[in-house]
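Right, one structure below, let's go through it.
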Amino acid sequence: MPCVVTVGGFYGDEGKGKVVAYLSIKDNFDIAARGGVGPNAGHTFIQNGKEYKVRMLPSAVLNANTRLLVGAGVLVEPSILLKEIQTFNTTDRTFVDFQCGIIDNVHQDKDKSNDHLKKVIGTTGSGTGPANADRALRNIKLAKDIPEIALYLEDVSNSINHAIDTNEKVLIEGTQGTFLSLFHGTYPFVTSKDVTASAICSDVGIGPKKVDDVLIVFKSYVTRVGEGPLNCEITPEQAREKNWLEFGSVTGRQRRSAPFDYDLAKKAIQVNSATQIALTKLDVLYPQAKGIKDFSKLPQEAKDFVSNIESETGLPVTIVGTGAEIMDTIDRR
Ligand code: IMP
Ligand code: MG
């Protein structure tokens, strides 16, 4: 996997953070770059019982060998970025593009007080929509205007292209999910930008020919937070019984849930030109799968579920999540 892009296949919260954290440790990537919208996405991973969350840095932070980049297309909230750099002690390996847009209080206030955004769409309130609107109006401040983060600035696109050209291993992390895309999602119940694989590449400044693999992440069931359609949605009580009830990592809101959706999965594979699937939380559907690292040891029903996804989509399921810990993973590559 010399240059791989990870993207969400449903509505975000598929478990991309854990998949990226796993790959960065397992494959020892030289560079991990974050694309996507900005701090509206919280990526979570657990190592040795300790839970970590990132909203600005790539989820590869736990591998001290990996340089951490934030692409020009990503909106930066300086206080969140600085806090994460401090928490993970990554000062000497964090690089932010000069041209990242900056989220300020006015953007956050608008996102929280505007009835359309807050009530109709149900945004995360993190200011990303109003900030992207200002970017489109060519009114936004850029990272190069902010002294507090001056130490971290560089030309991220140049670094990534150079890394790929010199055969370094590059992991590009998408955020949100395909059906939250401003262009390909369930408009208007979407985020403020395209978030499919092409957009994630554009965010970090590489062209489509630089990518070797597009790893699409699906959860074993579908969740959605905020408003908008959700096919075959079950009630919160049913979700609780199945152990599907989840809460948003940025807003704490209760997530809605539904069974795995093959039609959505196929559409997502198409718009992302995905080449491989990572399937997360298999142990939530099949508790006997918990902690298993060898595919052959899975219960038969769980194996059948994975095989069915492969035959329906025509793609290999190469990574399977079987628990919350980063290493609770079956790697079939
Ligand atoms: P915004 O991106 O904060 O403007 O929110 C727009 C919609 O996208 C809302 O339904 C949010 O709940 C959803 N959304 C944005 N980012 C994420 C994410 O990282 N995970 C899940 N839902 C998200
Ligand atoms: Mg999330």
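Labeling convention for the structure tokens: chains A, B, ... as they appear, residues from 1 per chain, ligands from 1 in order of appearance.
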### Message
9 Å from ligand 2 is the threshold here; counting only C-alpha atoms and all ligand atoms, which polymer residues fall inside it? Answer as a list in words.
### Response
Gly12, Asp13, Glu14, Gly15, Lys16, Gly17, Asn40, Ala41, Gly42, His43, Thr44, Arg55, Thr175, Gln176, Gly248, Ser249 and Val250 of chain A
Restricting it to N, CA and C atoms, dump the selection as a tab-separated table (two decimals), in the first residue's frame.
chain	number	residue	atom	x	y	z
A	12	GLY	N	-20.51	8.73	7.86
A	12	GLY	CA	-19.52	9.05	8.88
A	12	GLY	C	-19.62	8.04	10.02
A	13	ASP	N	-18.64	8.12	10.93
A	13	ASP	CA	-18.65	7.25	12.12
A	13	ASP	C	-18.60	5.77	11.77
A	14	GLU	N	-17.95	5.44	10.67
A	14	GLU	CA	-17.80	4.04	10.29
A	14	GLU	C	-16.66	3.38	11.05
A	15	GLY	N	-15.85	4.19	11.72
A	15	GLY	CA	-14.68	3.64	12.42
A	15	GLY	C	-13.39	3.86	11.65
A	16	LYS	N	-13.36	4.94	10.87
A	16	LYS	CA	-12.15	5.25	10.08
A	16	LYS	C	-10.95	5.49	10.99
A	17	GLY	N	-11.20	6.13	12.14
A	17	GLY	CA	-10.09	6.45	13.05
A	17	GLY	C	-9.34	5.20	13.46
A	40	ASN	N	-15.31	19.14	12.57
A	40	ASN	CA	-16.64	18.53	12.75
A	40	ASN	C	-16.55	17.02	12.83
A	41	ALA	N	-15.40	16.45	12.43
A	41	ALA	CA	-15.21	15.00	12.49
A	41	ALA	C	-14.34	14.64	13.69
A	42	GLY	N	-14.82	13.73	14.50
A	42	GLY	CA	-13.99	13.22	15.60
A	42	GLY	C	-13.64	11.78	15.32
A	43	HIS	N	-12.36	11.48	15.25
A	43	HIS	CA	-11.93	10.09	15.01
A	43	HIS	C	-11.38	9.52	16.32
A	44	THR	N	-11.87	8.32	16.65
A	44	THR	CA	-11.58	7.72	17.96
A	44	THR	C	-10.81	6.41	17.77
A	55	ARG	N	-9.57	15.54	16.26
A	55	ARG	CA	-10.47	16.30	15.38
A	55	ARG	C	-9.70	17.09	14.33
A	175	THR	N	-12.54	12.09	6.05
A	175	THR	CA	-13.45	12.22	7.18
A	175	THR	C	-14.89	12.25	6.66
A	176	GLN	N	-15.82	12.24	7.59
A	176	GLN	CA	-17.25	12.13	7.27
A	176	GLN	C	-17.49	10.86	6.44
A	248	GLY	N	-22.45	10.58	19.34
A	248	GLY	CA	-21.48	11.31	18.52
A	248	GLY	C	-20.25	11.70	19.31
A	249	SER	N	-19.07	11.58	18.68
A	249	SER	CA	-17.83	11.87	19.41
A	249	SER	C	-17.57	13.37	19.49
A	250	VAL	N	-18.16	14.18	18.61
A	250	VAL	CA	-17.97	15.63	18.69
A	250	VAL	C	-19.09	16.27	19.50
### Task
Would you return as a PyMOL selection string the members of stretch 76-224 of chain A that DSSP assigns to strand (DSSP E) on this structure's backbone?
chain A and resi 94-97+153-154+170-173+213-219+221-224
### Query
Any idea what's packed within 9 Å of A:Pro2, counting only C-alpha atoms, ignoring anything in its chain fewer than 3 positions away? Could you give it as an NGL selection string?
:A and (29 or 164 or 167-171 or 211-213)
Mind dumping a table of every chain A residue within 8 Å of ligand 1, with the nearest atom pair and its distance in Å to one decimal, using only C-alpha atoms and all ligand atoms, sorted by chain and rising number, as a Markdown table?
| residue | atom | partner | partner_atom_place_in_ligand_line | distance |
| --- | --- | --- | --- | --- |
| A:Tyr11 | CA | ligand 1 | 21 (C) | 5.9 |
| A:Gly12 | CA | ligand 1 | 20 (N) | 4.0 |
| A:Asp13 | CA | ligand 1 | 20 (N) | 5.0 |
| A:Val37 | CA | ligand 1 | 2 (O) | 7.2 |
| A:Asn40 | CA | ligand 1 | 16 (N) | 4.8 |
| A:Ala41 | CA | ligand 1 | 19 (O) | 3.2 |
| A:Gly42 | CA | ligand 1 | 19 (O) | 5.7 |
| A:His43 | CA | ligand 1 | 19 (O) | 7.6 |
| A:Asp111 | CA | ligand 1 | 4 (O) | 7.6 |
| A:Leu117 | CA | ligand 1 | 4 (O) | 7.2 |
| A:Ile121 | CA | ligand 1 | 10 (O) | 5.9 |
| A:Gly122 | CA | ligand 1 | 9 (C) | 5.0 |
| A:Thr123 | CA | ligand 1 | 5 (O) | 3.3 |
| A:Thr124 | CA | ligand 1 | 3 (O) | 3.7 |
| A:Gly125 | CA | ligand 1 | 3 (O) | 5.4 |
| A:Ser126 | CA | ligand 1 | 3 (O) | 5.8 |
| A:Gly127 | CA | ligand 1 | 3 (O) | 7.0 |
| A:Thr128 | CA | ligand 1 | 4 (O) | 5.9 |
| A:Gly129 | CA | ligand 1 | 4 (O) | 4.9 |
| A:Thr175 | CA | ligand 1 | 19 (O) | 6.0 |
| A:Gln176 | CA | ligand 1 | 19 (O) | 4.2 |
| A:Gly177 | CA | ligand 1 | 20 (N) | 7.2 |
| A:Leu180 | CA | ligand 1 | 8 (O) | 5.7 |
| A:Phe189 | CA | ligand 1 | 10 (O) | 5.8 |
| A:Val190 | CA | ligand 1 | 7 (C) | 4.6 |
| A:Thr191 | CA | ligand 1 | 2 (O) | 3.8 |
| A:Ser192 | CA | ligand 1 | 4 (O) | 5.6 |
| A:Arg224 | CA | ligand 1 | 22 (N) | 6.4 |
| A:Val225 | CA | ligand 1 | 12 (O) | 4.5 |
| A:Gly226 | CA | ligand 1 | 10 (O) | 3.8 |
| A:Glu227 | CA | ligand 1 | 10 (O) | 5.4 |
| A:Gly228 | CA | ligand 1 | 10 (O) | 7.1 |
| A:Gly248 | CA | ligand 1 | 21 (C) | 7.1 |
| A:Val250 | CA | ligand 1 | 19 (O) | 7.8 |
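Using only C-alpha atoms, the protein and nucleic acid residues lying no more than 12 Å from A:Lys83, apart from those fewer than 2 places from it along its own chain, are Lys53, Val54, Arg55, Met56, Leu57, Glu77, Pro78, Ser79, Ile80, Leu81, Ile85, Gln86, Thr87, Phe88, Asn89, Thr90, Thr91, Glu148 and Ile149 of chain A.
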Write the residues you've just listed into a file as a compact mmCIF listing (two decimals), in the first residue's frame, and include N, CA, C and O atoms for each of them.
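Contents of the output file out-v4.txt:
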# COMPACT_ATOMS: atom_id res chain seq x y z
N LYS A 53 -8.97 10.67 20.98
CA LYS A 53 -9.83 11.27 19.96
C LYS A 53 -9.06 12.36 19.25
O LYS A 53 -8.35 13.13 19.91
N VAL A 54 -9.19 12.43 17.94
CA VAL A 54 -8.59 13.55 17.21
C VAL A 54 -9.65 14.21 16.32
O VAL A 54 -10.48 13.53 15.72
N ARG A 55 -9.57 15.54 16.26
CA ARG A 55 -10.47 16.30 15.38
C ARG A 55 -9.70 17.09 14.33
O ARG A 55 -10.28 17.61 13.40
N MET A 56 -8.38 17.19 14.52
CA MET A 56 -7.57 17.93 13.55
C MET A 56 -6.41 17.10 13.01
O MET A 56 -6.11 17.14 11.83
N LEU A 57 -5.73 16.38 13.89
CA LEU A 57 -4.58 15.60 13.44
C LEU A 57 -5.05 14.29 12.81
O LEU A 57 -6.14 13.79 13.13
N GLU A 77 -9.17 24.73 13.23
CA GLU A 77 -9.54 25.51 14.42
C GLU A 77 -8.27 25.52 15.26
O GLU A 77 -7.89 24.48 15.82
N PRO A 78 -7.54 26.67 15.31
CA PRO A 78 -6.20 26.66 15.90
C PRO A 78 -6.14 26.12 17.33
O PRO A 78 -5.21 25.39 17.65
N SER A 79 -7.15 26.44 18.18
CA SER A 79 -7.03 25.97 19.57
C SER A 79 -7.15 24.46 19.66
O SER A 79 -6.47 23.82 20.46
N ILE A 80 -7.99 23.86 18.81
CA ILE A 80 -8.12 22.39 18.83
C ILE A 80 -6.82 21.76 18.30
O ILE A 80 -6.29 20.80 18.88
N LEU A 81 -6.30 22.33 17.23
CA LEU A 81 -5.04 21.80 16.66
C LEU A 81 -3.91 21.85 17.70
O LEU A 81 -3.22 20.85 17.94
N ILE A 85 -1.74 18.77 19.36
CA ILE A 85 -0.27 18.70 19.21
C ILE A 85 0.37 18.51 20.58
O ILE A 85 1.29 17.72 20.76
N GLN A 86 -0.20 19.22 21.57
CA GLN A 86 0.31 19.14 22.93
C GLN A 86 0.00 17.77 23.55
O GLN A 86 0.88 17.10 24.10
N THR A 87 -1.25 17.34 23.42
CA THR A 87 -1.67 16.06 24.01
C THR A 87 -0.82 14.90 23.49
O THR A 87 -0.41 14.03 24.24
N PHE A 88 -0.59 14.89 22.19
CA PHE A 88 0.12 13.76 21.59
C PHE A 88 1.61 14.04 21.43
O PHE A 88 2.34 13.20 20.90
N ASN A 89 2.03 15.24 21.86
CA ASN A 89 3.44 15.59 21.82
C ASN A 89 4.04 15.42 20.42
O ASN A 89 5.03 14.72 20.22
N THR A 90 3.41 16.07 19.44
CA THR A 90 3.80 15.86 18.04
C THR A 90 4.37 17.13 17.40
O THR A 90 4.35 17.27 16.17
N THR A 91 4.88 18.06 18.22
CA THR A 91 5.37 19.34 17.69
C THR A 91 6.33 19.17 16.52
O THR A 91 6.23 19.86 15.52
N GLU A 148 0.11 32.00 15.86
CA GLU A 148 0.17 30.89 16.84
C GLU A 148 0.52 29.55 16.20
O GLU A 148 1.01 28.65 16.88
N ILE A 149 0.23 29.39 14.92
CA ILE A 149 0.51 28.08 14.31
C ILE A 149 1.65 28.16 13.28
O ILE A 149 1.91 27.20 12.55
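With only C-alpha atoms taken into account, the protein and nucleic acid residues at most 12 Å from A:Asp261 (excluding it and anything under 3 positions from it in its own chain) are Gly9, Phe10, Tyr11, Phe218, Lys219, Ser220, Tyr221, Val222, Thr223, Leu230, Asn231, Cys232, Glu233, Ser257, Ala258, Leu264, Ala265, Lys266, Lys267, Ala268, Ile309, Glu312 and Thr313 of chain A.
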Could you write out, as a tab-separated table (two decimals) with N, CA and C atoms, in the first residue's frame, all the residues of stretch 193-226 of chain A that DSSP marks as alpha helix (DSSP H)?
chain	number	residue	atom	x	y	z
A	197	ALA	N	-13.49	10.18	-2.25
A	197	ALA	CA	-12.04	9.97	-2.38
A	197	ALA	C	-11.35	11.05	-3.23
A	198	SER	N	-12.01	11.45	-4.33
A	198	SER	CA	-11.39	12.46	-5.18
A	198	SER	C	-11.21	13.77	-4.42
A	199	ALA	N	-12.23	14.11	-3.63
A	199	ALA	CA	-12.17	15.36	-2.86
A	199	ALA	C	-11.08	15.27	-1.79
A	200	ILE	N	-10.97	14.10	-1.17
A	200	ILE	CA	-9.95	13.94	-0.12
A	200	ILE	C	-8.55	14.11	-0.75
A	201	CYS	N	-8.37	13.57	-1.95
A	201	CYS	CA	-7.08	13.75	-2.65
A	201	CYS	C	-6.85	15.22	-2.96
A	202	SER	N	-7.89	15.90	-3.43
A	202	SER	CA	-7.78	17.32	-3.71
A	202	SER	C	-7.45	18.11	-2.44
A	203	ASP	N	-8.04	17.73	-1.32
A	203	ASP	CA	-7.76	18.42	-0.05
A	203	ASP	C	-6.27	18.43	0.28
A	204	VAL	N	-5.61	17.34	0.00
A	204	VAL	CA	-4.19	17.26	0.37
A	204	VAL	C	-3.28	17.58	-0.82
Skip A:Ile277 itself and residues of its chain fewer than 5 positions away, then list as an mmCIF file with C-alpha atoms, in the first residue's frame all residues within 7 Å of it, counting only C-alpha atoms.
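To be explicit, this is the file written out as part.cif:
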data_model
loop_
_atom_site.group_PDB
_atom_site.id
_atom_site.type_symbol
_atom_site.label_atom_id
_atom_site.label_comp_id
_atom_site.auth_asym_id
_atom_site.auth_seq_id
_atom_site.Cartn_x
_atom_site.Cartn_y
_atom_site.Cartn_z
ATOM 1 C CA LEU A 215 -9.937 1.644 1.174
ATOM 2 C CA ILE A 216 -13.606 2.240 1.887
ATOM 3 C CA VAL A 217 -14.730 1.805 5.481
ATOM 4 C CA LEU A 315 -14.503 -6.133 -3.641
ATOM 5 C CA PRO A 316 -12.350 -7.924 -1.080
ATOM 6 C CA VAL A 317 -12.956 -7.216 2.609
ATOM 7 C CA THR A 318 -9.308 -6.960 3.622
ATOM 8 C CA ILE A 319 -9.602 -5.492 7.122
#
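Across A:Val70, A:Arg138, A:Gly185, A:Asp104, the tightest approach to A:Leu153 is made by A:Val70 when counting only C-alpha atoms.
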### Query
For A:Leu82, which of A:Leu23, A:Ile160, A:Ala150, A:Val4 is the closest residue, counting only C-alpha atoms?
A:Ala150
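Ranking A:Lys141, A:Phe45, A:Tyr262, A:Ala33 by their shortest atom-to-atom distance to A:Ser311, with only C-alpha atoms included, puts A:Tyr262 first.
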### Task
Work out how far atom CA of A:Pro39 is from atom CA of A:Ala163, in Å to one decimal.
25.7 Å
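For A:Leu75, the non-local neighbours within 6 Å, defined as residues at least 2 positions apart in the same chain or in other chains and counting only C-alpha atoms, are Gly38, Cys100, Gly101 and Ile102 of chain A.
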Serialized selection, C-alpha atoms, as a PDB file, in the first residue's frame:
ATOM      1  CA  GLY A  38     -12.329  19.894   9.565  1.00  0.00           C
ATOM      2  CA  CYS A 100      -5.861  25.890   5.264  1.00  0.00           C
ATOM      3  CA  GLY A 101      -8.908  28.040   6.057  1.00  0.00           C
ATOM      4  CA  ILE A 102      -9.275  29.141   9.681  1.00  0.00           C
TER       5      ILE A 102
END
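Checking A:Asn272, A:Asn28, A:Leu142, A:Asp115 one by one against A:Phe179, counting only C-alpha atoms, you find the shortest gap at A:Asn272.
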